[in-house]
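To start, the structure under review is shown below, and the notes come after it.
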Amino acid sequence: MSTLPLNITAHQTDWEYRVTLLLWTCCALSIAFIIVIPTIPAIVFLSAVLLYCALFPVRPYQALTWSLVPWVIVLFGALSIIWSEQPMQSLRGAAQIALSVLAALMFAHGLRARSFIAVTMFAFIASNVVYLFVPSVFGSKNMVAQSLAIVALSSFWVMFDRQQPALVRVIALLALFAAPPMLISANSEGALLAGVLALVCSLLPFLMRLLQPNTRIFLTCACAFAGVTAVVFSLLLFDNLFDLLLQSIGKDVSLTGRTLLWSHALGVIADHPLGVGLQAYWNESNIEAVRFWEAFYIDNHYGFHFHDLWLEIGVELGVTGIVIAAATTLVVFFSVWRWALQNPEPESCFFAGFVTFILARTLGEVELFSQFSMTSMLFLAAYYYAVSAKRGPSLRKA
């Protein structure tokens, strides 16, 4: 597959850009509310994507052939149908994930990064406004906190982007004032810490923008190495340091039962080296899944996971799936950070903060490589913009 940036938007007219922006807005808003009303938002999302494909038939082909990186995990997930314990469920999941990847790449191809980010910000703002009146719009406090952290990060960089319209920047400023107190009140320490880390990290390239790119890269690598070394040595030198940190923020050492989930997931991976199949574990026919739903008081038996991206993928796609997912994640992470360090603009800094936020949360949440997921789509869009910046000047309409 080609890794060259798409040139289909080189001569894009105003109406084409507006249509792309409108349909991406429909997709983003539909995904924001897909938990509370699963069917209607999914239909809206599918309709918007299919309409876009019909209006611009070359673009889905270009998105499919642009790069292999976003598609490897999808292809392996589809292959798992062969050994899946629930082949039809795996087939359905693979098709939906493929559609989500296609949409993320097509709309990233057709929009400037700042437009993509602004629409994303509005989608997350909208879901949080509705949440004030309809709490069920999010499935858990962790999802509320995740959304608020992304609102804070996106609104910060939209506000500082002088190329954004004035009204958009004013709304971003208001969201930036409102999001942090709401994030603190959400009582999700993981999202709060990851959100602060993401914002601080995203600021580093921007603050170093007057330095040479090589100097920025060196200083960032040195800071990262020093930070990782300090954490490792602290954990080695002080017994039970992690438990003490958990207790200091009011968390029990089992992380609200997650250690039980993790232990069970490791056992499933050991028994199924290839996994049980894409999205084949959490279903009504699996007695173990039903027991976990009941133990965690999830009456609708829907929307649960192992609270660890790598273990979730390991259960579904085995050790090979973990390797593929880890390689994909690292490629995206380093590509985006290279873009931010070489060209520290608001767009690149936002995406650098976002991929940092998501990577920090992989050990406690499952927010990548799933269908109808804004975080998954943002992650792939970040990769597209980073690779496009590396390959050459953007060909979008200025």
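Ligands are numbered from 1 in the order shown, residues from 1 within each chain, and chains are lettered A, B, ... in the order they appear in the structure tokens.
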Compile the contact shell of Gln89 in chain A as a list in words: residues with an atom at most 8 Å away, counting only C-alpha atoms, same-chain residues fewer than 5 positions apart removed. Leu278, Gln279 and Ala280 of chain A
Restricting the output to C-alpha atoms, write the selected residues as a PDB file, in the first residue's frame.
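Dumped to out_20.pdb:
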```pdb
ATOM      1  CA  LEU A 278     -12.614 -10.493  17.839  1.00  0.00           C
ATOM      2  CA  GLN A 279     -15.273  -9.275  20.310  1.00  0.00           C
ATOM      3  CA  ALA A 280     -16.258 -12.879  21.021  1.00  0.00           C
TER       4      ALA A 280
END
```
What's around range 325-334 of chain A at 7 Å? Count only C-alpha atoms, leave out sequence neighbours fewer than 5 positions away in its own chain, and write the answer as a VMD selection string. chain A and resid 69 73 355 383
Which distance in Å separates CA of Val119 in chain A and CA of Thr25 in chain A, to one decimal?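 Rounded to one decimal, the two atoms are 6.0 Å apart.
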Do you know which residues are at most 7 Å from range 365-372 of chain A counting only C-alpha atoms, after dropping those on the same chain fewer than 5 positions away, and could you put them as a list in words?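 The neighbour list is Ile31, Gln96, Ile97, Ser100, His307, Asp308 and Leu309 of chain A.
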